[in-house]
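A quick write-up on the structure given underneath.
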Amino acid sequence: MAEITLSINNVNITVPQGTTVLEAAGQAGVFIPTFCHDPELTNFGACRMCVVEIEGLRSLSASCVTNATEGMVVHTDSPAVQEARKTILELLLANHPLDCLTCGRSGDCRLQDYAYLYGVKTGSFEGERHSYPLEDDNPFIVRDLNKCILCGKCVRACAEIQGNSILDFAYRGFDVKVAPAMDVSLKASDCVFCGNCVAMCPVGALQEKGLRSAAPTWEVRKVKTTCPYCGTGCSFELNVKGNKVVGVTSCDGDVNGRTLCVKGRFGYGFIHHPDRLTTPLIKKNGVFKEASWEEAIKLVAQKLGRIKAKHSSDALAVLSSARCTNEENYLLQKFTRAVLGTNNIDHCARL
Amino acid sequence: MGHLNKLRARFTRHYKDKFNRGRIVVGLGTCGFAAGGDQVLEAIRQETGIRNLDVDIDFTSCIGMCYKEPMVEISLPGMARVIYGDMTPDKVPALLESHIINKHLLKEWAVMQITEEGATLYENIVKMEDNPFFSKQLRTVTSRLGRTNPESISDYVATGGYLALDTALSMQRQDIIEEIKKSGLRGRGGGGFPTGMKWDFVSQAEGAKKYVVCNADEGDPGAFMDRSVLEGDPHAVLEGMAICGYAVGADEGYIYVRAEYPLAIKRLQTAIVRAEEYGLLGKNILGRGFNFKLMIKAGAGAFVCGEETALLTSIEGNRGMPRVRPPFPANRGLWGKPTNLNNVETYANVPFVINRGSDWYASMGTKKSKGSKVFCLTGKINNTGLIEVPMGISLREIIFSIGGGVQNGKKLKAVQIGGPSGGCICEEDLDLPVDYDSLSAAGAMMGSGGLVVLDETTCMVDIARFFLSFTQTESCGKCTPCREGTKRMLEILTRICSGAGKMEDLADLERLGRVMKNTALCGLGQTCANPILSTMRYFKEEYLAHIQDLFCPAGACRALLIYQIDTANCKGCGKCAKICPAGAIRGEKNTPHVIDLEKCIKCGACLTECSFEAIKNDAALSWNKRPNTRRSA
Amino acid sequence: MTNSIDEISGADFILAIGTNTTEAHPIISLKIKKAQRQGATLVVVDPRRTELAERADQHMQLKPGSDIALLNALAQVIIAEDLWDKDFVAGRTEDFAAFKEVVAQYPPELAEQITGLPADMIREVARGYARACKATILYTMGVTQHICGTHNVLAVANLAMLCGQIGKESSGVNPLRGQNNVQGACDMGALPGVFTGYQAVTAADQRAKFAGAWRVAELPGRPGLTVGEMFDKAGTGEVRGMYIMGENPVLSDPDSNHVVHALEKLDFLVVQDIFLTETAALGDVILPAASFAEKDGTFSNTERRVQRVRKAIDPVGSAWADWQIICTIATAMGYPMQYATASDIFDEMAALTPSYGGISYARLEQGGIQWPCPHTGHPGTAYLHKDNFSRGPGKFNPVVYVPPAELPDAGYPLLLSTGRRYFHYHTGTMTRRTGALEVHYGTEYLEINQADAAALGITDGDIAQVSSRRGLVKVEARISKVVPQGLVFTSFHFPEVAINKLTNPAQDMVSKIPELKVCAVKVEKAC
């Protein structure tokens, strides 16, 4: 592929033709802030945070949608760029509830990050702010449109990744908002609550209901693991506070990227459900009684050993599990074959 | 050549035959309807029935003198056609009695006469070409308006219609493009991009499937050029599009016209059906193997859909929001295919260029702006209407010669040109030639052709506020600066107009304007600060008056008016005190009354009620005589 | 799967048979949608008009259980119209002649009678599949859960080989597995006939290898019992004791009543699980296990990708990881089994399993690896059968259509099919305890066609009593266009709608898979 050379902040960089200025800057190690850009979504060019000054052009250019060309001279931090970014941040903050103290996305919010970066304290423009009611009528996603900066990532995630197009922009001017058809709630729409929009939201407009009310972002530890549901093998991060799983967030999975389904993203509650078995139980006279591990193991070993001795190895049968790990399946078949002495092992592969 | 020639012969005969009989033609553009033209037509039908008059009754579109509608044209065999204005149903019997029965011109109501070859002229009535409204016009794309029946393909063909298409189909595609290039025709939608160059891009673009799209989503306040052309000469647009389709290699086209233009849509539909019937559109046009299918897409009335990429997105069935350019539609347009997008007036010019040649076209206008341009005159001007003038004419000629000057003898303050994206030109600059470059240099723009005349009673801050409220409600909301910026600018302007402005507001307006110009995604956002920036440039003192003196020099901002009673004129009749809803006026009977400014809500009721011109609001008082009434707030 | 999940988006023709992908494998469905956006043709074969069927270019709404007639007819058209891949068939397969002879008996017109699909539609799909550059076949339980499940799969494989649509990127035969580690459980030898990596227990050298590694004198050489056989033999007293880890056969297996009776007859039942499931309730001892969040390990997904499970929290209460429990029991039975970490277990397994031989926890830190991965320098295998099949030449196994074991009759006039719902999983033990999924989707319903409902006097929301020769359940009826007339459908996620009390335990002769997709039922309005 043909290559071109451009200058970014007085440093030359060579990139393949078709590379955007934003990508070229990334390769050159130059940071450009973005709200609406995501490499997995179509280029939208809407938030205008990523504007840069390109010599010879009348106005600033959105670097996410501008292809680098040979000899292009780009300045990513000129006074005009600084003024534009600060003004855009001021405009966004002028219509944003500044409740970062209690916001579940505080610490994981691009608006907050950039406000800090550019030293924009509060909106210098006083005027109307939206006061939409909080949408909290489903158990998965909390939608606070007052925090929405209309970057449209959720709209594109739903259309281009989930393929459902539940969300789009509605109304005009200052009243523009993201909404399902007929401006109903997500619950009333055909939304499947995959939460892939939530994973894309750069601010607190879309939040995972359980996770964001459970802990501030800085108290959460993330552990990458594999989803326990279907056979797709999606990766995600368990969000842990103390010894408690408080939620699931996307990471970059080999299979799934950042996408998840409703079960993967919101189906973790069983881990700490009060119904969990927490101690061995032994049935005595038809009633389960709590027992110690020692007691229970001893009983199991005795009973299995006795049947094997009295009848035969083949009088024993073992069901392993498609839900357990490879290591556990390996050990159970080893146990079945080497210890019990039978090949009577199977699992629910056929269901 | 056979097919069209036969049609032409037949239709020309029909057309000429029309004038061999007495006929009455009513102007039925949207303005004609709005003024009651349909009722006049009905009255004419009844009256001719009752009197058993042997005349034909027909209709045409608006000739441009919207201020004279409803207009009625009457012609008798061998005599010049006479146009009457301001008709009403009850004037009809007298009109017909005089002109048709007594063959007597009714001078009192007559506006002008139109001469036809060999027709006898009436005395004492101005000829159209001598009427000041028309004398400085150069009518090309508007030449059929008010002359032919827009729903009649016969009228169109008889007046030279589809000849250009016939010619074009015998030309090499590239030769057509070169011809358009040579003519110097530039996009009439406002941008002024050279049309031939655009066609060339589309023609060169790779892809077997291409589209031709007509932007008829006219949305500027006070602009109705496209509507008038569509209502008055729809076939010219179709013909221009078909020529373009052939030249760039497209076989399908869309006309995107706002649904608020039902009459234009109806006439376009009729025109498409007729043209297809006669083999002038559709499959195998004129037997030359060229296929071109045209469809109409009715827009839902979003201003931003006039922006080309938003328009294409809307045709595709999505929410009309602009896309980032490049890629330009010429390379990736409708459904990702190369697409040629021009506006109504541009396409309507094409048949004329082909018929009369690029040299003829290029002979009109200025060095860089060729041909003629249609404008809509609105605002505080005497002759509201539609005009077509050669490029390069001065605004002064347009306003004072053609437009008849400012209403009620008021002083002209500025001309707003180019709609919400344009700017104001003040009195001193009226001699500027009207062309793309001069207007841009003056901080305005050609725009699509809306021309709003503002007089001394117009507040420039309020005008800026008006345009901002328009762009704010019409912003698609996609990009941050436009969505949020217009909102804050509007709020600032509203504050200034209500007397709550601060000096810092001016800096904020300038900064916002600059950032929007620099960063907004589409042309709408990039230019929507123009009305503010240009009024701040030319009328800074008005802004300062609002902010520092709480004074609106034009007397237009109601919140800043101060009502006072002129003790010299007040008779103490008490009518004002009685009508005042705020109880702000007190005084003894027969002694001058006083307005309590703290209570006054500035509704103006007292002013209207006073029989002695004793109540004045501040605008009528001179600036330095103002009492020191700066409110504590 | 012969291919990787991500390769689906690269296919230009997708034949999805008996897979409700958007609900059962939502993330895989995204790849299908992506392929469609890029211009791929999607054909969905399903008796129900699922969301995927709605999105398809062609929905082949066949009669349940008629897959072989369809698949053979597709092959018949492709051969008759000379669209088959002669080079592939000649170079990579055997027994084509026998196959050709059998499918010749399935002209589309005959298939139309059996499947209910128009012959022209069958022809059109056949041409599309054969002519595509990269056609891929996806299937799940809609293909396998039939008495002819194995034959269905063979018919699918025959079709793919006929057109050379296998062994290429984005083109192959791809069963989408239903459970997170069903692939791994099979790979690990949790099957009656094989050790890890499908090494047969009947092979003496394999037995010797494992006996040596496990330090036992000998290992049993006779294949063991399958799930269904275990319950049968428990019923007859031949099996006296069972150890069930993390399974809930009372709900998941067909003819639940039979399973319950069998388990009740056992002398001893130990169940190891995270919840007190319907099966655990029948146990003598219940051992509390750790959930996936509380232990280290690996899962192997449907595309053979081995990925890490990482311990995020300590086990709740005094639960133990399953592997620790197994080790302790083995040790208590006189076989010392001690591992410091899950990684140690994996290493032992990998050393014994050629296809996993090159995989280790250290490598998995860099991302998942798809087996076969025979040595540590091997990158893993994205798609199988590139140059040859495992057995050498691909064998055409001609199969013939057989109707389902139980078809509607006067007494049980409707056909019941079962499957999964998007918001729930398997027997619901997890998804119904999340505080979210069951809140949003709290009760199960029966999909019934408008015409059937009207004939039965059932309106939307009525409670229907559904019964088969084996049992009955009550469930809310919902009138739905998803099911055609004559078919009702519900899921097996809800214990209160224990639909497997009704399903038919008739099994496929080879794989022993039960025919959960077809049984005859009677639906009445419950009083």
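The chains in the structure tokens are called A, B, ... from first to last as shown; in each chain the residues are counted from 1, and the ligands are counted from 1 in the order shown.
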
Legend entry - Contacts of Leu439 of chain B at 12 Å (only C-alpha atoms; same-chain gap of 4+ positions) as JSON, numbers by chain: {"B": [190, 191, 192, 369, 391, 392, 393, 394, 395, 415, 416, 417, 418, 422, 423, 424, 425, 426, 429, 430, 431, 432, 433, 434, 435, 443, 444, 445, 446, 447, 449, 534]}

Inset, instruction - Define the interface residues of chain A facing chain B as those within 8 Å, counting only C-alpha atoms, and report them as a ChimeraX atom specification. - result: /A:44-48,51,58-62,65-66,83-84,87-88,91-92,125-127,150-151,169,171-174,176

Legend entry - Exercise: segment 190-192 of chain C partners within 7 Å, only C-alpha atoms, chain neighbours under 6 positions left out, as a list in words: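 After dropping sequence-adjacent residues, the list is Ser320, Asn329, Gln333, Asn343, Asn344, Ile345, Asp346 and His347 of chain A; Pro223, Gly224, Leu225 and Thr226 of chain C.
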
Inset, instruction - Tell me, as a ChimeraX atom specification, which residues lie within 6 Å of Leu416 of chain C, counting only C-alpha atoms; anything in the same chain fewer than 3 positions away does not count. - result: /C:487-489,518-519

Near chain A, 6 Å: chain C residue rows, closest pairs, only C-alpha atoms, as JSON lines:
{"residue": "C:Arg177", "atom": "CA", "partner": "A:Gly231", "partner_atom": "CA", "distance": 5.0}
{"residue": "C:Gly178", "atom": "CA", "partner": "A:Gly231", "partner_atom": "CA", "distance": 5.1}
{"residue": "C:Gln179", "atom": "CA", "partner": "A:Cys230", "partner_atom": "CA", "distance": 4.3}
{"residue": "C:Asn180", "atom": "CA", "partner": "A:Gly231", "partner_atom": "CA", "distance": 3.9}
{"residue": "C:Asn181", "atom": "CA", "partner": "A:Ala322", "partner_atom": "CA", "distance": 4.7}
{"residue": "C:Val182", "atom": "CA", "partner": "A:Ala322", "partner_atom": "CA", "distance": 4.2}
{"residue": "C:Gly184", "atom": "CA", "partner": "A:Asn326", "partner_atom": "CA", "distance": 5.5}
{"residue": "C:Ala185", "atom": "CA", "partner": "A:Ala322", "partner_atom": "CA", "distance": 5.4}
{"residue": "C:Met188", "atom": "CA", "partner": "A:Tyr330", "partner_atom": "CA", "distance": 5.0}
{"residue": "C:Ala190", "atom": "CA", "partner": "A:Asp346", "partner_atom": "CA", "distance": 5.2}
{"residue": "C:Leu191", "atom": "CA", "partner": "A:Asp346", "partner_atom": "CA", "distance": 4.4}
{"residue": "C:Pro192", "atom": "CA", "partner": "A:Ile345", "partner_atom": "CA", "distance": 5.1}
{"residue": "C:Pro220", "atom": "CA", "partner": "A:Thr342", "partner_atom": "CA", "distance": 5.8}
{"residue": "C:Pro223", "atom": "CA", "partner": "A:Asn343", "partner_atom": "CA", "distance": 5.7}
{"residue": "C:Gly224", "atom": "CA", "partner": "A:Asn344", "partner_atom": "CA", "distance": 4.1}
{"residue": "C:Leu225", "atom": "CA", "partner": "A:Asn344", "partner_atom": "CA", "distance": 4.8}
{"residue": "C:Thr226", "atom": "CA", "partner": "A:Asp346", "partner_atom": "CA", "distance": 5.7}
{"residue": "C:Val227", "atom": "CA", "partner": "A:Asp346", "partner_atom": "CA", "distance": 5.9}
{"residue": "C:Glu238", "atom": "CA", "partner": "A:Ala315", "partner_atom": "CA", "distance": 5.9}
{"residue": "C:Val239", "atom": "CA", "partner": "A:Ala315", "partner_atom": "CA", "distance": 4.1}
{"residue": "C:Arg240", "atom": "CA", "partner": "A:Ala315", "partner_atom": "CA", "distance": 5.2}
{"residue": "C:Gly241", "atom": "CA", "partner": "A:Leu316", "partner_atom": "CA", "distance": 4.8}
{"residue": "C:Met242", "atom": "CA", "partner": "A:Ala317", "partner_atom": "CA", "distance": 4.8}
{"residue": "C:Tyr243", "atom": "CA", "partner": "A:Val318", "partner_atom": "CA", "distance": 4.7}
{"residue": "C:Ile244", "atom": "CA", "partner": "A:Leu319", "partner_atom": "CA", "distance": 4.6}
{"residue": "C:Met245", "atom": "CA", "partner": "A:Ser320", "partner_atom": "CA", "distance": 5.2}
{"residue": "C:Gly246", "atom": "CA", "partner": "A:Ser321", "partner_atom": "CA", "distance": 5.3}
{"residue": "C:Glu247", "atom": "CA", "partner": "A:Ser321", "partner_atom": "CA", "distance": 5.8}
{"residue": "C:Ile274", "atom": "CA", "partner": "A:Leu277", "partner_atom": "CA", "distance": 5.5}
{"residue": "C:Phe275", "atom": "CA", "partner": "A:Arg276", "partner_atom": "CA", "distance": 5.1}
{"residue": "C:Asp284", "atom": "CA", "partner": "A:Lys283", "partner_atom": "CA", "distance": 5.1}
{"residue": "C:Val285", "atom": "CA", "partner": "A:Ile282", "partner_atom": "CA", "distance": 4.6}
{"residue": "C:Ile286", "atom": "CA", "partner": "A:Leu281", "partner_atom": "CA", "distance": 5.0}
{"residue": "C:Leu287", "atom": "CA", "partner": "A:Pro280", "partner_atom": "CA", "distance": 4.8}
{"residue": "C:Pro288", "atom": "CA", "partner": "A:Leu277", "partner_atom": "CA", "distance": 5.0}
{"residue": "C:Gly297", "atom": "CA", "partner": "A:Thr325", "partner_atom": "CA", "distance": 5.6}
{"residue": "C:Thr298", "atom": "CA", "partner": "A:Thr325", "partner_atom": "CA", "distance": 5.4}
{"residue": "C:Phe299", "atom": "CA", "partner": "A:Thr325", "partner_atom": "CA", "distance": 5.4}
{"residue": "C:Asn301", "atom": "CA", "partner": "A:Gly233", "partner_atom": "CA", "distance": 5.0}
{"residue": "C:Thr302", "atom": "CA", "partner": "A:Gly231", "partner_atom": "CA", "distance": 5.2}
{"residue": "C:Val309", "atom": "CA", "partner": "A:Thr225", "partner_atom": "CA", "distance": 4.7}
{"residue": "C:Arg310", "atom": "CA", "partner": "A:Thr225", "partner_atom": "CA", "distance": 5.3}
{"residue": "C:Ala312", "atom": "CA", "partner": "A:Val223", "partner_atom": "CA", "distance": 5.8}
{"residue": "C:Ile313", "atom": "CA", "partner": "A:Asn243", "partner_atom": "CA", "distance": 5.2}
{"residue": "C:Gly317", "atom": "CA", "partner": "A:Thr278", "partner_atom": "CA", "distance": 4.4}
{"residue": "C:Ser318", "atom": "CA", "partner": "A:Thr278", "partner_atom": "CA", "distance": 5.2}
{"residue": "C:Ala319", "atom": "CA", "partner": "A:Thr278", "partner_atom": "CA", "distance": 5.2}
{"residue": "C:Trp323", "atom": "CA", "partner": "A:Glu328", "partner_atom": "CA", "distance": 4.9}
{"residue": "C:Ile329", "atom": "CA", "partner": "A:Ile297", "partner_atom": "CA", "distance": 5.9}
{"residue": "C:Ala332", "atom": "CA", "partner": "A:Ala301", "partner_atom": "CA", "distance": 6.0}
{"residue": "C:Met333", "atom": "CA", "partner": "A:Ala301", "partner_atom": "CA", "distance": 5.4}
{"residue": "C:Ile345", "atom": "CA", "partner": "A:Glu327", "partner_atom": "CA", "distance": 5.8}
{"residue": "C:Phe346", "atom": "CA", "partner": "A:Glu327", "partner_atom": "CA", "distance": 5.8}
{"residue": "C:Met430", "atom": "CA", "partner": "A:Phe270", "partner_atom": "CA", "distance": 5.4}
{"residue": "C:Arg433", "atom": "CA", "partner": "A:Phe270", "partner_atom": "CA", "distance": 4.8}
{"residue": "C:Thr434", "atom": "CA", "partner": "A:Gly269", "partner_atom": "CA", "distance": 3.7}
{"residue": "C:Gly435", "atom": "CA", "partner": "A:Gly269", "partner_atom": "CA", "distance": 5.9}
{"residue": "C:Ala436", "atom": "CA", "partner": "A:Pro139", "partner_atom": "CA", "distance": 5.1}
{"residue": "C:Ile513", "atom": "CA", "partner": "A:Arg350", "partner_atom": "CA", "distance": 5.5}

Close residues, Asp462 of chain B itself excluded, 10 Å, only C-alpha atoms, min 5 positions apart in chain, as a PDB file with N, CA, C and O atoms, in the first residue's frame:
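Written output follows (out.pdb):
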ATOM      1  N   PHE B 467     -32.795  34.963  13.633  1.00  0.00           N
ATOM      2  CA  PHE B 467     -32.137  33.929  12.816  1.00  0.00           C
ATOM      3  C   PHE B 467     -31.546  32.828  13.687  1.00  0.00           C
ATOM      4  O   PHE B 467     -31.579  31.652  13.338  1.00  0.00           O
ATOM      5  N   LEU B 468     -31.035  33.220  14.847  1.00  0.00           N
ATOM      6  CA  LEU B 468     -30.477  32.192  15.738  1.00  0.00           C
ATOM      7  C   LEU B 468     -31.566  31.268  16.275  1.00  0.00           C
ATOM      8  O   LEU B 468     -31.362  30.080  16.436  1.00  0.00           O
ATOM      9  N   LEU B 493     -28.412  36.390  23.164  1.00  0.00           N
ATOM     10  CA  LEU B 493     -29.111  37.415  22.396  1.00  0.00           C
ATOM     11  C   LEU B 493     -30.459  37.746  23.023  1.00  0.00           C
ATOM     12  O   LEU B 493     -30.880  38.900  23.062  1.00  0.00           O
ATOM     13  N   THR B 494     -31.143  36.710  23.510  1.00  0.00           N
ATOM     14  CA  THR B 494     -32.435  36.940  24.139  1.00  0.00           C
ATOM     15  C   THR B 494     -32.247  37.797  25.390  1.00  0.00           C
ATOM     16  O   THR B 494     -33.037  38.700  25.665  1.00  0.00           O
ATOM     17  N   ILE B 496     -29.841  39.932  25.872  1.00  0.00           N
ATOM     18  CA  ILE B 496     -29.518  41.313  25.468  1.00  0.00           C
ATOM     19  C   ILE B 496     -30.793  42.048  25.064  1.00  0.00           C
ATOM     20  O   ILE B 496     -31.025  43.185  25.452  1.00  0.00           O
ATOM     21  N   CYS B 497     -31.645  41.360  24.320  1.00  0.00           N
ATOM     22  CA  CYS B 497     -32.881  41.994  23.871  1.00  0.00           C
ATOM     23  C   CYS B 497     -33.811  42.303  25.040  1.00  0.00           C
ATOM     24  O   CYS B 497     -34.700  43.138  24.931  1.00  0.00           O
ATOM     25  N   SER B 498     -33.638  41.593  26.135  1.00  0.00           N
ATOM     26  CA  SER B 498     -34.538  41.842  27.260  1.00  0.00           C
ATOM     27  C   SER B 498     -33.886  42.750  28.294  1.00  0.00           C
ATOM     28  O   SER B 498     -34.408  42.943  29.374  1.00  0.00           O
ATOM     29  N   ILE B 532     -25.088  37.024  13.388  1.00  0.00           N
ATOM     30  CA  ILE B 532     -24.621  37.730  14.581  1.00  0.00           C
ATOM     31  C   ILE B 532     -23.344  38.493  14.252  1.00  0.00           C
ATOM     32  O   ILE B 532     -23.223  39.682  14.537  1.00  0.00           O
ATOM     33  N   TYR B 543     -25.871  46.926  19.715  1.00  0.00           N
ATOM     34  CA  TYR B 543     -25.627  45.967  20.791  1.00  0.00           C
ATOM     35  C   TYR B 543     -25.269  46.715  22.075  1.00  0.00           C
ATOM     36  O   TYR B 543     -25.788  46.433  23.149  1.00  0.00           O
ATOM     37  N   CYS B 552     -33.254  50.133  23.047  1.00  0.00           N
ATOM     38  CA  CYS B 552     -33.301  49.557  21.710  1.00  0.00           C
ATOM     39  C   CYS B 552     -33.555  50.684  20.729  1.00  0.00           C
ATOM     40  O   CYS B 552     -34.663  51.215  20.660  1.00  0.00           O
ATOM     41  N   ALA B 554     -34.113  50.910  17.703  1.00  0.00           N
ATOM     42  CA  ALA B 554     -35.178  50.721  16.720  1.00  0.00           C
ATOM     43  C   ALA B 554     -36.547  50.680  17.382  1.00  0.00           C
ATOM     44  O   ALA B 554     -37.563  50.679  16.703  1.00  0.00           O
ATOM     45  N   ALA B 556     -37.771  48.185  18.814  1.00  0.00           N
ATOM     46  CA  ALA B 556     -38.397  46.898  18.504  1.00  0.00           C
ATOM     47  C   ALA B 556     -38.402  45.960  19.706  1.00  0.00           C
ATOM     48  O   ALA B 556     -39.275  45.109  19.820  1.00  0.00           O
ATOM     49  N   CYS B 557     -37.435  46.097  20.574  1.00  0.00           N
ATOM     50  CA  CYS B 557     -37.353  45.177  21.715  1.00  0.00           C
ATOM     51  C   CYS B 557     -38.260  45.690  22.827  1.00  0.00           C
ATOM     52  O   CYS B 557     -37.945  46.671  23.513  1.00  0.00           O
TER      53      CYS B 557
END

Inset, instruction - For atom CA of Glu252 of chain B and atom CA of Ala40 of chain C, determine how far apart the two atoms are, in Å to one decimal place. - result: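 Between atom CA of Glu252 of chain B and atom CA of Ala40 of chain C the gap is 26.1 Å.
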
Inset, instruction - Do a neighbour search on Ser390 of chain C at 12 Å with only C-alpha atoms, toss out local chain neighbours closer than 5 positions, and write the hits as a VMD selection string. - result: chain C and resid 2 92 to 93 167 198 372 384 to 385 395

Inset, instruction - Check segment 406-477 of chain B with DSSP on the backbone and list each residue it calls helix (DSSP H, G or I), as number ranges by chain. - result: B: 407-409, 419-421, 427-429, 436-441, 460-474

Inset, instruction - Find the residues around Asp460 of chain C up to 7 Å (only C-alpha atoms counted), leave out those fewer than 6 positions away in its own chain, and share them as a list in words. - result: Ala477, Arg478 and Ile479 of chain C

Could you dump the residues just selected with N, CA and C atoms as a PDB file, in the first residue's frame?
ATOM      1  N   ALA C 477     -50.224 -19.254  28.022  1.00  0.00           N
ATOM      2  CA  ALA C 477     -50.175 -19.313  26.557  1.00  0.00           C
ATOM      3  C   ALA C 477     -49.979 -17.923  25.990  1.00  0.00           C
ATOM      4  N   ARG C 478     -49.131 -17.835  25.000  1.00  0.00           N
ATOM      5  CA  ARG C 478     -48.980 -16.552  24.307  1.00  0.00           C
ATOM      6  C   ARG C 478     -49.138 -16.801  22.819  1.00  0.00           C
ATOM      7  N   ILE C 479     -50.080 -16.112  22.237  1.00  0.00           N
ATOM      8  CA  ILE C 479     -50.329 -16.312  20.809  1.00  0.00           C
ATOM      9  C   ILE C 479     -49.199 -15.650  20.028  1.00  0.00           C
TER      10      ILE C 479
END

Inset, instruction - Would you mind reading off the distance between atom CA of Thr366 of chain B and atom CA of Ser438 of chain B, one decimal, in Å? - result: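 Separation between atom CA of Thr366 of chain B and atom CA of Ser438 of chain B: 10.7 Å.
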
Inset, instruction - Please report, as a PyMOL selection string, each residue of segment 76-276 of chain A to which DSSP assigns strand (DSSP E) when run on this structure's backbone. - result: chain A and resi 141-143+167-170+177-180+206-208+221-226+235-241+244-249

For the residues in that selection, give me C-alpha atoms as an mmCIF file, in the first residue's frame.
data_model
loop_
_atom_site.group_PDB
_atom_site.id
_atom_site.type_symbol
_atom_site.label_atom_id
_atom_site.label_comp_id
_atom_site.auth_asym_id
_atom_site.auth_seq_id
_atom_site.Cartn_x
_atom_site.Cartn_y
_atom_site.Cartn_z
ATOM 1 C CA ILE A 141 -29.502 -0.186 32.553
ATOM 2 C CA VAL A 142 -30.007 3.220 34.070
ATOM 3 C CA ARG A 143 -30.422 5.916 31.466
ATOM 4 C CA LEU A 167 -31.825 3.788 19.381
ATOM 5 C CA ASP A 168 -31.620 6.839 17.199
ATOM 6 C CA PHE A 169 -31.583 10.562 17.574
ATOM 7 C CA ALA A 170 -34.934 12.229 17.994
ATOM 8 C CA LYS A 177 -31.990 13.240 22.462
ATOM 9 C CA VAL A 178 -31.285 9.601 21.921
ATOM 10 C CA ALA A 179 -34.403 7.522 22.135
ATOM 11 C CA PRO A 180 -36.019 4.324 20.941
ATOM 12 C CA LEU A 206 -25.836 4.858 30.344
ATOM 13 C CA GLN A 207 -24.815 2.955 33.438
ATOM 14 C CA GLU A 208 -24.974 -0.633 34.556
ATOM 15 C CA ARG A 221 -10.754 -4.384 41.113
ATOM 16 C CA LYS A 222 -11.132 -5.971 37.679
ATOM 17 C CA VAL A 223 -10.455 -9.615 36.928
ATOM 18 C CA LYS A 224 -10.584 -10.853 33.355
ATOM 19 C CA THR A 225 -12.296 -14.187 32.971
ATOM 20 C CA THR A 226 -14.533 -16.244 30.695
ATOM 21 C CA SER A 235 -14.327 -12.658 27.879
ATOM 22 C CA PHE A 236 -15.244 -9.994 30.369
ATOM 23 C CA GLU A 237 -13.992 -8.412 33.527
ATOM 24 C CA LEU A 238 -15.509 -9.215 36.858
ATOM 25 C CA ASN A 239 -15.666 -6.063 38.909
ATOM 26 C CA VAL A 240 -14.818 -6.906 42.487
ATOM 27 C CA LYS A 241 -15.125 -4.835 45.594
ATOM 28 C CA LYS A 244 -17.797 -9.381 46.292
ATOM 29 C CA VAL A 245 -18.459 -9.435 42.569
ATOM 30 C CA VAL A 246 -20.381 -6.227 41.983
ATOM 31 C CA GLY A 247 -20.604 -6.223 38.231
ATOM 32 C CA VAL A 248 -19.300 -7.081 34.821
ATOM 33 C CA THR A 249 -17.657 -4.788 32.308
#
